[in-house]
Amino acid sequence: MIEIKKTFWEESYGRNENFMLYPKEEVVKFINRFIRKRVSLTEYVNILQSDDKLKALDFGCGIGRITILLHEFNVEAYGIDISENAIDEAKKLAKYFQFNLNDNFSSYNGKKIPFKDEEFDFTISEAVLDSLPFELAKQLMKEIDRVTKKYFFMSLMHSNSASLFSTLEDAQEFNGEIEVKEMHEHGTIQSLFDKDKLAELINGTNFKVKWCEIHTNKDCNEKKYVHSRYYVVLEK
């Protein structure tokens with residue numbers, strides 16, 4: 001049986017970890033490049049064409065900043081997360097930005113996405129699938145495939161980020177999964193990816209890689225610090 005680690009995520013959000021109040025630059029670029037481009041303070045141009053208002057899923061939404069950003073782009077977005085603490089904070093944050101999105105945020109059981117087939121034009125999952133046991137991530141990829149019509153944007157921690165974790169600090173590369181021992185996200189799972197593991201994650205879905213980059217940050221001092229992430233756009 002795959003352990004979802006819900007209790008540890010509730011504790012993590014209870015410590016105010018992962019309170020991402022601003023969306024990552026890579027997410028904004030994805031929206032502008034593939035979905036809807038902002039051309040002025042009030043004007044947008046649709047890149048992804050639809051007869052209806054564009055609809056999106058923020059999978060593993062945390063405190064909801066990406067869901068809120070999508071509403072700023074006039075996209076009907078919904079956010080789901082296993083942490084009820086995170087969902088409560090997401091509703092508060094949406095209200096702060098003057099959006100009433102209480103019905104757009106919900107917790108779920110961590111296994112089955114509670115929406116119908118092809119409900120969403122696109123899905124975003126920022127730093128979520130790499131925070132799960134890999135077997136569960138593969139199951140949820142198929143769920144994301146099921147509910148998504150066109151694009152899926154995700155980010156995943158690269159295998160050369162092993163030195164970030166005390167149990168792996170002497171390793172140069174690691175493409176497995178560990179239980180986090182550090183205080184940040186303590187007790188949760190961290191899965192690291194290389195090219196083969198990324199291909200295995202996608203295998204069995206209808207998605208193909210449309211665009212992929214690896215972004216790497218290195219410490220310029222003597223300490224060997226590397227933090228790399230895949231940023232991937234999948235397309236049907």
# chains A, B, ... in the order shown; residues from 1 in each chain; ligands from 1
$ select_by_dssp --residues "stretch 39-217 of chain A" --states "helix (DSSP H, G or I)" --output "ChimeraX atom specification"
/A:65-72,84-96,102-104,129-131,134-147,159-164,166-168,195-202
$ select_by_dssp --residues "stretch 11-212 of chain A" --states "strand (DSSP E)" --output "VMD selection string"
chain A and resid 36 to 38 44 to 46 55 to 59 76 to 81 105 to 107 120 to 125 148 to 157 177 to 179 189 to 191 208 to 212
$ closest_atom_pairs --of "stretch 105-214 of chain A" --to "stretch 86-97 of chain A" --cutoff "10 Å" --atoms "only C-alpha atoms" --output "tab-separated table"
residue	atom	partner	partner_atom	distance
A:Phe105	CA	A:Ile87	CA	6.3
A:Ser106	CA	A:Ile87	CA	6.3
A:Ser107	CA	A:Ile87	CA	6.5
$ residues_around --residues "stretch 28-41 of chain A" --least-positions-apart "6" --cutoff "8 Å" --atoms "only C-alpha atoms" --output "JSON, numbers by chain"
{"A": [47, 48, 73, 153]}
$ write_last_selection --atoms "N, CA, C and O atoms" --output "compact mmCIF listing (two decimals), in the first residue's frame"
# COMPACT_ATOMS: atom_id res chain seq x y z
N ILE A 47 -4.01 32.08 -26.80
CA ILE A 47 -3.14 31.24 -27.61
C ILE A 47 -3.75 29.85 -27.74
O ILE A 47 -3.82 29.29 -28.83
N LEU A 48 -4.20 29.32 -26.62
CA LEU A 48 -4.96 28.07 -26.63
C LEU A 48 -6.42 28.41 -26.92
O LEU A 48 -7.09 29.06 -26.13
N PHE A 73 -5.79 35.92 -15.08
CA PHE A 73 -5.75 35.79 -16.54
C PHE A 73 -7.13 35.43 -17.10
O PHE A 73 -7.24 35.07 -18.27
N PHE A 153 1.59 21.23 -17.57
CA PHE A 153 2.86 21.81 -17.17
C PHE A 153 3.24 21.28 -15.80
O PHE A 153 2.44 21.31 -14.86
$ atom_distance --atom1 "atom CA of A:Leu21" --atom2 "atom CA of A:Thr67"
11.5 Å
$ residues_around --residues "stretch 197-200 of chain A" --least-positions-apart "3" --cutoff "10 Å" --atoms "only C-alpha atoms" --output "list in words"
Phe134, Lys138, Leu156, His158, Ser159, Asn175, Gly176, Leu192, Phe193, Asp194, Asn203, Gly204, Lys208, Val209, Tyr230 and Val232 of chain A
$ residues_around --residues "A:Glu11" --least-positions-apart "3" --cutoff "10 Å" --atoms "only C-alpha atoms" --output "list in words"
Lys6, Thr7, Phe8, Gly14, Arg15, Asn16, Glu17, Ser83, Asn85, Glu185, His186 and Gly187 of chain A
$ closest_residue --among "A:Tyr44, A:Tyr225, A:Phe174, A:Phe207" --to "A:Val75" --atoms "only C-alpha atoms"
A:Tyr44
$ closest_residue --among "A:Tyr108, A:Tyr231, A:Tyr151, A:Phe120" --to "A:Lys53" --atoms "only C-alpha atoms"
A:Phe120
$ closest_residue --among "A:Ile63, A:Met183, A:Ala77, A:Met154" --to "A:Cys212" --atoms "only C-alpha atoms"
A:Met154
$ closest_residue --among "A:Glu10, A:Glu177, A:Glu84, A:Glu72" --to "A:Ser131" --atoms "only C-alpha atoms"
A:Glu177
$ atom_distance --atom1 "atom CA of A:Glu119" --atom2 "atom CA of A:Lys149"
7.4 Å
$ closest_residue --among "A:Phe165, A:Phe122, A:Phe152, A:Tyr22" --to "A:Leu54" --atoms "only C-alpha atoms"
A:Phe122
$ closest_residue --among "A:Asn18, A:Thr205, A:Ser163, A:Ser12" --to "A:Glu126" --atoms "only C-alpha atoms"
A:Asn18
$ residues_around --residues "A:Lys210" --least-positions-apart "4" --cutoff "8 Å" --atoms "only C-alpha atoms" --output "PyMOL selection string"
chain A and resi 232-235
$ write_last_selection --atoms "C-alpha atoms" --output "PDB file, in the first residue's frame"
ATOM      1  CA  VAL A 232       8.166  20.306 -18.734  1.00  0.00           C
ATOM      2  CA  VAL A 233       5.209  21.031 -21.000  1.00  0.00           C
ATOM      3  CA  LEU A 234       3.336  17.941 -22.155  1.00  0.00           C
ATOM      4  CA  GLU A 235       0.829  18.042 -25.006  1.00  0.00           C
TER       5      GLU A 235
END
$ residues_around --residues "A:Arg229" --least-positions-apart "6" --cutoff "8 Å" --atoms "only C-alpha atoms" --output "list of chain:residue names"
A:Ser155, A:Leu156, A:Met157, A:His158, A:Ile214, A:His215, A:Thr216
$ atom_distance --atom1 "atom CA of A:Pro133" --atom2 "atom CA of A:Ile189"
6.3 Å
